[in-house]
Amino acid sequence: MISYLIKRIFILIPLFFGIILISFLVIHLAPGKPTGIQTDLNPKVSMEVRKRLEKLYGLDKPLIVQFKDWSFRLIRFDFGSSFIDDRPVWDKIKERMPITILINLLSLLLILIIGIPLGVKSALKQGSLFDKTSSSVVFLGFAMPTFWLALLLMGLLGVHLRILPISGIKSIDFEFLNTGSKIVDIARHLALPVFVSAFGGLAGISRYMHQGMLEVINSDYCTAAFARGLPKNQVIYNHALRNALIPIITILGLSIPGLIGGSVIFETIFAIPGMGRLFFEGVMARDYPMIMGLLVLGSIFTLLGNLLADIAYAWVDPRIRYSK
Amino acid sequence: MRIPTLNPSNYKNYQTIGSFFVFLIALSIIFSCLPFCLIDNLGYCQESENYGDTIIVGSIGDARTLIPILASDSASGDICGLIFNGLIKYDRNINIIPDLAESWQIKNNGLTILFKLKKGVFWQDGAPFNARDVEFTYKKLIDPDVKTPYSGDFEKIKSFNVIDDYTIEVTYKEPFSPGLASWGMSIMPRHALEKEDFNKTKISRSPIGTGPYKFKFWKSQEKIVLEVNKDYFEGRANIDRYIYRIIPDQSTLFLELEVEGVDYTGLTPLQHLRQTDSKFFKNTFNKFRLPSFGYAYLGFNLKNPLFQDLRVREALDFAIDKNEIIKGVHLGLARVCTGPFLPESWAYNESVLPRKFDPKHALELLKEAGWQDRDGDGVLDKNNQRFEFTIMTNQGNDQRKAAAEIIQKRLKDIGINVKIKIVEWSAFISEFIDKRKFEAVLLAWSLGRDPDNYDIWYSGKTKEGEFNFLSYSNPEVDSLLIDARRTFDQEKRRAYYNKIHELIFSDTPCVFLYVPDSLPIIHKRFKGLDPAPVGLGYNFIKWFVSLDEQKYKRIRILE
Amino acid sequence: MNFLKPLRKNKLFLSGSAIVLFLILCACFAPFIARFSPDAIDVDNILMAPSLKHLMGTDSLGRDLFSRMLFGARISLEVGFIAVGISLIIGMLLGAIAGFYGGFIDSLIMRFVDLMLCFPAFFLILSVVAILEPSILNIMVIIGLTSWMGVTRIVRAQILSLKEREFIQAERIIGSSDLRIIVRHLLPNTFGPILVTAVLGMASAILIESSLSFLGIGVQPPTPSWGNILIEAKSTLGIAWWLTVYPGLAIFITILGYNMLGEGLRNWQKYE
């Protein structure tokens, strides 16, 4: 297992390098192209923006030097200062990271708690009404655009029925509540976003679980186990389920970029001050340092997520765990 | 106060006199209470039972700076108005009354103003206020390294003499009628700021003033929190806390209003007419409809070759149907405007009539200017160049976006391709407006009470951060602007401004679109409101919530 | 034509293709079916509920929603086709090279695939669109450039398994060039598996385009897109249900249709 892990970690290095390279390319799409620069006849003024970008990215130096500088700055998490308020990008991101991470973790949890049992049960009751209904629901869930779902829920629960708050993560008088109420307050604010964020993932996991379970239960070793008279539950939960769960770990890892990307939408709709909305604000303000910073960070999270998934996979799959 | 400010068009902001210093300063009534309130242990002050609660103000734009002389947008202006004071301010009927100045004398036919300052006024960090602070503010205003758009008024000063700690004599180079009004400018603390570099951001986020509220903290794009200044020289304001909540989206802002997460904000016409008549709204909020103090316009970057031919600009005016915009976007809650003055102002020239909607005539004018559809692609062209440009406007304002779309459609009908670009407010100002990186903009001006708009139209006011970002230049207008400021005779001034109105209208540096109504809505628990000619917020420190209705617990104000 | 028989019984395939076909018809005949021009502003009829005159009501500038929806279908289809087209071209190219030549080039290409998979696609798309300014062309190209990875893997896998088969050996023996082998023999055999990916890719492209338009950096006004109509829906939540329901439903049904079609095809291939 150790050697497997070491190999995995080793691969991260060129990937990280690749991230730096690609983000470097993306930045170079930008300077010199903001609209209006050609029509602006005041050279002194347009020079200002150029100078700022130049200073930030060292654009006047040879490409290799630029690249070296960019790499070193990324390693130190120095993404420059936001164009909006000149605060360091990294500081602004740090403020907003915890919320996004919290919501995404809660979503993942929800996906696992509901998706896995759903998939398992419908596999076991293959062909029954339960299976058919849940398959259809899952299928529909797959196709549902998250922002539409968010709008519908917002309109229904937020405006018409008024049972859940529809924006932000705390009420205005948050500071005056006792600890218990504080937790409830945050929970109520997070209910809709977490649900919307988890919805699509739920459908996916449930389907994979369903297929995985079916495959495993119909495989030879399970049939053999049944034939030998092992109790049904033991076969299902101790043997089949464990094996079916293994690929799920990889899938979870693969769904992290989707979750991070999706957070832009629901954080904007629900006015949650997280990384996704920070990204959207950066886009609306053409705040290039912020956009780049979040792009690189998002990729790093994805890498980490995959690494964790790999570690979990290695631990869970006995073939790897017990190999050299 | 004729200090103009740029307006992200939170409708409530239209009432402000381009001003962070007039927005909520009340006057007369406090005199009767003041002596009693100073006696702490008596607790006899009429208002003391009504201290408390918090008001949450909703805004779609965040402030950019809390240094008052650098604040050109109304969000920054609103907050500065609560933290700072000027030498003078306005009462409910738009008359100039004392603020930090206790009294003044105008001498030498208006060339000199002698100010006597109030004694016993303290900065929020405890230091005493005196004439040196005023001198410091003045020096910064005329400092060429400080990017303030308000320097113009103060450059007219020939000499500034501090006679003693509480007496100042200001002498102008020539008679300057907006002079007295210009001293509504917020005064800044010398002891706290004299060593600072005004163009760096640190001090713009931690202001110290003399005003009714103290700055507590500012979370970018989220909220700004102010706490009441117990030692305010006019008497402590009733509402303990002022929270400026930034929700950059009009619909989310409205939803927050509906769940009472916001107490005071401006409504859109649609919200005012169609969404706030339910029982819940009638029971919980008071809504108002007031004339606003600003106008919206489609401004052209006059340095751009596309817009340099007068006929082209006139054609664009003919091609846009202003009434359609007023009806479609404002549902009738707005008025047509033909020049850079408010229709109620004494300076407005009634005889200047708007150009009627006439796309045919527009096409003729464009043809004269050389623009025709020669290649049959539906778009006008000239010298193989298509007539295309981008209109920029700020994020979060659906009315401006809708107006832009209507303009886009009307211009498409005559063969002009328009793209619309929407940018977040503070980036819009600092990256595109200040740096003149635009082709056309759809924006609004919030005007001061004095019609002097030298800062916007004078041809020299084109430095970065200054207000003539369209780069308008007309020597006749320049000299009229100067003349109008030189005399104190209102009739003479009216004649000058009428002429300016005529000239600017015919020069068409922008298409004047409309003057929207201001549609504020306030939670019913706030009492003491007075919709006055000067606006709704002038007596903000008198607003109160009676104890039994207070929503947010009284906070202990830490010394 | 025996292999088509299972298709006829395949419910998923049938319903999916019915939906997609309907969509294509709407898009093609939009100018003929629509009674109003999609950008005809009519300030006297703002936010009218659905009626006989305006089948789906009007938006906040009085434009007929039904007409806008029809033209929005065009945008969705266009984006879907071109984005998927681009991803297919890139995917087949890279997958073929990787699978056929193997070795170092294969590793390089597959590492590149892994790299691209590291970026949250939506973030990458948003960044590029923000920097390059939104336009339909930019969106289509960018979506295409971020979704070729799956195609590459499938093509590569197929080619790897087919590479050593006899008919390919035969071609080599008679001296056919590599290019000929790849293009005329190997690639056509990948069309089957790719088809499913392509169909599902269309759904994904349409979803991404609507999300971008909803955020305001996708299709720009006045061009109608189901996503950018939903922007208005948010402002008028509570007073104009038709602005929320119809465009969202359209996106939902379209994606559903493509998913069903894709699943149907996949099931068909499994039994082939």
# chains A, B, ... in the order shown; residues from 1 in each chain; ligands from 1
call {"tool": "interface_residues", "arguments": {"of": "chain C", "to": "chain A", "cutoff": "6 Å", "atoms": "only C-alpha atoms", "output": "number ranges by chain"}}
result
C: 115, 118-120, 122-123, 130-131, 248, 252, 255-256
call {"tool": "write_last_selection", "arguments": {"atoms": "N, CA and C atoms", "output": "PDB file, in the first residue's frame"}}
result
ATOM      1  N   LEU C 115      -4.781  16.104 -16.151  1.00  0.00           N
ATOM      2  CA  LEU C 115      -4.586  17.501 -15.772  1.00  0.00           C
ATOM      3  C   LEU C 115      -5.850  18.314 -15.991  1.00  0.00           C
ATOM      4  N   CYS C 118      -8.433  18.052 -13.497  1.00  0.00           N
ATOM      5  CA  CYS C 118      -8.200  18.663 -12.189  1.00  0.00           C
ATOM      6  C   CYS C 118      -8.937  19.970 -12.019  1.00  0.00           C
ATOM      7  N   PHE C 119      -9.165  20.647 -13.132  1.00  0.00           N
ATOM      8  CA  PHE C 119      -9.800  21.951 -13.000  1.00  0.00           C
ATOM      9  C   PHE C 119     -11.292  21.778 -12.879  1.00  0.00           C
ATOM     10  N   PRO C 120     -11.896  22.440 -11.876  1.00  0.00           N
ATOM     11  CA  PRO C 120     -13.354  22.399 -11.858  1.00  0.00           C
ATOM     12  C   PRO C 120     -13.817  23.060 -13.152  1.00  0.00           C
ATOM     13  N   PHE C 122     -16.429  24.238 -14.426  1.00  0.00           N
ATOM     14  CA  PHE C 122     -17.220  25.460 -14.412  1.00  0.00           C
ATOM     15  C   PHE C 122     -16.348  26.669 -14.101  1.00  0.00           C
ATOM     16  N   PHE C 123     -15.437  26.512 -13.169  1.00  0.00           N
ATOM     17  CA  PHE C 123     -14.531  27.601 -12.836  1.00  0.00           C
ATOM     18  C   PHE C 123     -13.707  27.987 -14.051  1.00  0.00           C
ATOM     19  N   ALA C 130     -14.981  35.222 -18.645  1.00  0.00           N
ATOM     20  CA  ALA C 130     -14.843  36.539 -18.028  1.00  0.00           C
ATOM     21  C   ALA C 130     -13.726  37.322 -18.691  1.00  0.00           C
ATOM     22  N   ILE C 131     -12.634  36.608 -18.977  1.00  0.00           N
ATOM     23  CA  ILE C 131     -11.487  37.313 -19.538  1.00  0.00           C
ATOM     24  C   ILE C 131     -11.721  37.671 -20.991  1.00  0.00           C
ATOM     25  N   GLY C 248     -37.493  27.104 -17.225  1.00  0.00           N
ATOM     26  CA  GLY C 248     -36.872  26.040 -16.435  1.00  0.00           C
ATOM     27  C   GLY C 248     -37.363  24.678 -16.884  1.00  0.00           C
ATOM     28  N   PHE C 252     -35.235  21.575 -18.337  1.00  0.00           N
ATOM     29  CA  PHE C 252     -35.378  20.293 -17.674  1.00  0.00           C
ATOM     30  C   PHE C 252     -35.777  19.209 -18.663  1.00  0.00           C
ATOM     31  N   ILE C 255     -32.965  18.373 -21.191  1.00  0.00           N
ATOM     32  CA  ILE C 255     -31.894  17.552 -20.634  1.00  0.00           C
ATOM     33  C   ILE C 255     -32.395  16.130 -20.402  1.00  0.00           C
ATOM     34  N   LEU C 256     -33.617  16.057 -19.911  1.00  0.00           N
ATOM     35  CA  LEU C 256     -34.208  14.737 -19.690  1.00  0.00           C
ATOM     36  C   LEU C 256     -34.246  13.957 -20.989  1.00  0.00           C
TER      37      LEU C 256
END
call {"tool": "interface_residues", "arguments": {"of": "chain C", "to": "chain B", "cutoff": "7 Å", "atoms": "only C-alpha atoms", "output": "PyMOL selection string"}}
result
chain C and resi 43+61+222+234-235
call {"tool": "interface_residues", "arguments": {"of": "chain B", "to": "chain A", "cutoff": "7 Å", "atoms": "only C-alpha atoms", "output": "ChimeraX atom specification"}}
result
/B:261,303-304,423-424,426-427,435,437-439,552
call {"tool": "atom_distance", "arguments": {"atom1": "atom CA of C:His54", "atom2": "atom CA of C:Ile24"}}
result
22.2 Å
call {"tool": "residues_around", "arguments": {"residues": "stretch 210-215 of chain C", "least_positions_apart": "2", "cutoff": "7 Å", "atoms": "only C-alpha atoms", "output": "PDB file with N, CA and C atoms, in the first residue's frame"}}
result
ATOM      1  N   ILE C 206     -25.818  22.072 -22.818  1.00  0.00           N
ATOM      2  CA  ILE C 206     -26.984  22.938 -22.674  1.00  0.00           C
ATOM      3  C   ILE C 206     -27.120  23.401 -21.229  1.00  0.00           C
ATOM      4  N   LEU C 207     -26.853  22.505 -20.310  1.00  0.00           N
ATOM      5  CA  LEU C 207     -26.936  22.889 -18.902  1.00  0.00           C
ATOM      6  C   LEU C 207     -25.906  23.972 -18.573  1.00  0.00           C
ATOM      7  N   ILE C 208     -24.694  23.794 -19.056  1.00  0.00           N
ATOM      8  CA  ILE C 208     -23.651  24.779 -18.760  1.00  0.00           C
ATOM      9  C   ILE C 208     -24.004  26.120 -19.379  1.00  0.00           C
ATOM     10  N   ILE C 217     -23.291  35.888 -17.671  1.00  0.00           N
ATOM     11  CA  ILE C 217     -22.118  35.930 -18.536  1.00  0.00           C
ATOM     12  C   ILE C 217     -22.206  34.893 -19.633  1.00  0.00           C
ATOM     13  N   GLY C 218     -23.411  34.584 -20.014  1.00  0.00           N
ATOM     14  CA  GLY C 218     -23.567  33.659 -21.123  1.00  0.00           C
ATOM     15  C   GLY C 218     -24.074  34.433 -22.318  1.00  0.00           C
ATOM     16  N   VAL C 219     -25.196  33.966 -22.843  1.00  0.00           N
ATOM     17  CA  VAL C 219     -25.791  34.655 -23.984  1.00  0.00           C
ATOM     18  C   VAL C 219     -26.293  36.028 -23.527  1.00  0.00           C
ATOM     19  N   TRP C 226     -32.824  30.301 -22.738  1.00  0.00           N
ATOM     20  CA  TRP C 226     -33.644  29.908 -21.601  1.00  0.00           C
ATOM     21  C   TRP C 226     -33.008  30.336 -20.287  1.00  0.00           C
ATOM     22  N   GLY C 227     -31.691  30.297 -20.253  1.00  0.00           N
ATOM     23  CA  GLY C 227     -30.992  30.709 -19.048  1.00  0.00           C
ATOM     24  C   GLY C 227     -31.162  32.190 -18.760  1.00  0.00           C
ATOM     25  N   ASN C 228     -31.027  33.034 -19.765  1.00  0.00           N
ATOM     26  CA  ASN C 228     -31.088  34.458 -19.419  1.00  0.00           C
ATOM     27  C   ASN C 228     -32.506  34.954 -19.199  1.00  0.00           C
ATOM     28  N   LEU C 230     -34.376  33.330 -17.266  1.00  0.00           N
ATOM     29  CA  LEU C 230     -34.534  33.033 -15.843  1.00  0.00           C
ATOM     30  C   LEU C 230     -33.951  34.124 -14.957  1.00  0.00           C
ATOM     31  N   ILE C 231     -33.105  34.975 -15.532  1.00  0.00           N
ATOM     32  CA  ILE C 231     -32.595  36.085 -14.728  1.00  0.00           C
ATOM     33  C   ILE C 231     -33.776  36.959 -14.309  1.00  0.00           C
TER      34      ILE C 231
END
call {"tool": "residues_around", "arguments": {"residues": "C:Gly80", "least_positions_apart": "3", "cutoff": "8 Å", "atoms": "only C-alpha atoms", "output": "VMD selection string"}}
result
chain C and resid 76 to 77 83 to 84 140 201 to 203 205 to 206
call {"tool": "write_last_selection", "arguments": {"atoms": "N, CA and C atoms", "output": "PDB file, in the first residue's frame"}}
result
ATOM      1  N   SER C  76     -29.971  26.867 -27.684  1.00  0.00           N
ATOM      2  CA  SER C  76     -29.600  25.657 -26.957  1.00  0.00           C
ATOM      3  C   SER C  76     -29.074  24.602 -27.905  1.00  0.00           C
ATOM      4  N   LEU C  77     -29.784  24.386 -28.990  1.00  0.00           N
ATOM      5  CA  LEU C  77     -29.339  23.378 -29.947  1.00  0.00           C
ATOM      6  C   LEU C  77     -27.985  23.724 -30.535  1.00  0.00           C
ATOM      7  N   ALA C  83     -20.554  22.725 -29.425  1.00  0.00           N
ATOM      8  CA  ALA C  83     -19.680  22.375 -28.308  1.00  0.00           C
ATOM      9  C   ALA C  83     -19.322  20.889 -28.364  1.00  0.00           C
ATOM     10  N   VAL C  84     -20.336  20.052 -28.575  1.00  0.00           N
ATOM     11  CA  VAL C  84     -20.070  18.619 -28.634  1.00  0.00           C
ATOM     12  C   VAL C  84     -19.207  18.291 -29.847  1.00  0.00           C
ATOM     13  N   MET C 140     -19.452  28.456 -26.840  1.00  0.00           N
ATOM     14  CA  MET C 140     -19.474  27.153 -27.490  1.00  0.00           C
ATOM     15  C   MET C 140     -18.074  26.550 -27.527  1.00  0.00           C
ATOM     16  N   GLY C 201     -23.313  14.472 -23.760  1.00  0.00           N
ATOM     17  CA  GLY C 201     -22.561  15.714 -23.783  1.00  0.00           C
ATOM     18  C   GLY C 201     -23.420  16.900 -24.195  1.00  0.00           C
ATOM     19  N   MET C 202     -24.351  16.654 -25.112  1.00  0.00           N
ATOM     20  CA  MET C 202     -25.246  17.742 -25.513  1.00  0.00           C
ATOM     21  C   MET C 202     -26.020  18.240 -24.306  1.00  0.00           C
ATOM     22  N   ALA C 203     -26.533  17.305 -23.527  1.00  0.00           N
ATOM     23  CA  ALA C 203     -27.295  17.694 -22.337  1.00  0.00           C
ATOM     24  C   ALA C 203     -26.438  18.550 -21.426  1.00  0.00           C
ATOM     25  N   ALA C 205     -23.783  20.291 -22.175  1.00  0.00           N
ATOM     26  CA  ALA C 205     -23.468  21.593 -22.764  1.00  0.00           C
ATOM     27  C   ALA C 205     -24.626  22.560 -22.595  1.00  0.00           C
ATOM     28  N   ILE C 206     -25.818  22.072 -22.818  1.00  0.00           N
ATOM     29  CA  ILE C 206     -26.984  22.938 -22.674  1.00  0.00           C
ATOM     30  C   ILE C 206     -27.120  23.401 -21.229  1.00  0.00           C
TER      31      ILE C 206
END
call {"tool": "select_by_dssp", "arguments": {"residues": "stretch 232-453 of chain B", "states": "helix (DSSP H, G or I)", "output": "MDAnalysis selection string"}}
result
chainID B and resid 250:258 269:275 279:284 305:307 310:319 322:330 359:368 398:413 425:433
call {"tool": "write_last_selection", "arguments": {"atoms": "C-alpha atoms", "output": "short mmCIF file (atom, residue, chain, number, x, y, z; two decimals), in the first residue's frame"}}
result
data_model
loop_
_atom_site.label_atom_id
_atom_site.label_comp_id
_atom_site.auth_asym_id
_atom_site.auth_seq_id
_atom_site.Cartn_x
_atom_site.Cartn_y
_atom_site.Cartn_z
CA GLN B 250 -32.42 43.94 -6.34
CA SER B 251 -34.58 40.88 -6.14
CA THR B 252 -32.70 39.31 -3.26
CA LEU B 253 -32.81 42.69 -1.52
CA PHE B 254 -36.56 42.71 -1.91
CA LEU B 255 -36.84 39.17 -0.61
CA GLU B 256 -34.84 40.22 2.42
CA LEU B 257 -37.25 43.10 2.93
CA GLU B 258 -40.11 40.64 2.82
CA PRO B 269 -41.18 50.91 -9.59
CA LEU B 270 -42.44 47.38 -10.08
CA GLN B 271 -42.03 46.58 -6.41
CA HIS B 272 -43.66 49.85 -5.39
CA LEU B 273 -46.67 49.39 -7.61
CA ARG B 274 -47.23 45.69 -7.72
CA GLN B 275 -45.47 43.88 -4.97
CA LYS B 279 -51.81 43.06 3.94
CA PHE B 280 -48.42 42.12 5.26
CA PHE B 281 -46.76 45.05 3.61
CA LYS B 282 -49.41 47.52 4.60
CA ASN B 283 -49.10 46.44 8.20
CA THR B 284 -45.35 46.29 8.38
CA PRO B 305 -14.40 59.09 -33.10
CA LEU B 306 -17.83 57.46 -33.35
CA PHE B 307 -19.40 60.18 -31.27
CA LEU B 310 -22.90 66.34 -33.53
CA ARG B 311 -25.37 64.98 -36.05
CA VAL B 312 -24.65 61.46 -34.87
CA ARG B 313 -25.37 62.37 -31.27
CA GLU B 314 -28.54 64.21 -32.21
CA ALA B 315 -29.64 61.23 -34.26
CA LEU B 316 -29.18 58.97 -31.28
CA ASP B 317 -31.38 61.30 -29.23
CA PHE B 318 -34.07 61.17 -31.91
CA ALA B 319 -33.83 57.42 -32.15
CA LYS B 322 -37.75 58.40 -23.66
CA ASN B 323 -41.44 57.98 -22.93
CA GLU B 324 -41.18 54.32 -23.75
CA ILE B 325 -38.42 53.96 -21.21
CA ILE B 326 -40.36 55.83 -18.57
CA LYS B 327 -43.40 53.70 -19.15
CA GLY B 328 -41.70 50.40 -19.60
CA VAL B 329 -38.98 50.63 -17.03
CA HIS B 330 -40.43 52.97 -14.43
CA PRO B 359 -36.30 57.38 -36.09
CA LYS B 360 -36.73 58.57 -39.67
CA HIS B 361 -35.18 61.89 -38.90
CA ALA B 362 -32.43 60.08 -37.03
CA LEU B 363 -31.63 58.08 -40.14
CA GLU B 364 -31.49 61.24 -42.22
CA LEU B 365 -29.05 62.84 -39.83
CA LEU B 366 -26.91 59.75 -39.82
CA LYS B 367 -26.92 59.69 -43.58
CA GLU B 368 -25.70 63.28 -43.64
CA ASP B 398 -32.50 46.11 -13.23
CA GLN B 399 -34.00 49.42 -14.34
CA ARG B 400 -30.80 50.53 -15.99
CA LYS B 401 -30.39 47.14 -17.60
CA ALA B 402 -33.95 47.30 -18.93
CA ALA B 403 -33.46 50.87 -20.16
CA ALA B 404 -30.28 49.74 -21.89
CA GLU B 405 -32.16 46.92 -23.57
CA ILE B 406 -34.85 49.27 -24.81
CA ILE B 407 -32.18 51.60 -26.18
CA GLN B 408 -30.45 48.62 -27.77
CA LYS B 409 -33.68 47.66 -29.52
CA ARG B 410 -34.47 51.15 -30.78
CA LEU B 411 -30.97 51.60 -32.11
CA LYS B 412 -31.07 48.21 -33.76
CA ASP B 413 -34.23 49.35 -35.54
CA TRP B 425 -20.31 48.95 -9.23
CA SER B 426 -17.00 49.74 -7.60
CA ALA B 427 -15.02 48.07 -10.37
CA PHE B 428 -17.15 49.97 -12.87
CA ILE B 429 -16.12 53.25 -11.30
CA SER B 430 -12.48 52.57 -10.68
CA GLU B 431 -11.61 50.52 -13.75
CA PHE B 432 -13.81 52.00 -16.43
CA ILE B 433 -15.21 55.39 -15.50
#
call {"tool": "closest_residue", "arguments": {"among": "B:Gly378, B:Pro189, B:Gly396, B:Pro520", "to": "B:Pro128", "atoms": "only C-alpha atoms"}}
result
B:Pro189
call {"tool": "residues_around", "arguments": {"residues": "stretch 230-244 of chain A", "least_positions_apart": "2", "cutoff": "9 Å", "atoms": "only C-alpha atoms", "output": "count of residues only"}}
result
19
call {"tool": "closest_residue", "arguments": {"among": "B:Ser518, B:Ser159, B:Ser278, B:Thr265", "to": "B:Leu333", "atoms": "only C-alpha atoms"}}
result
B:Ser518
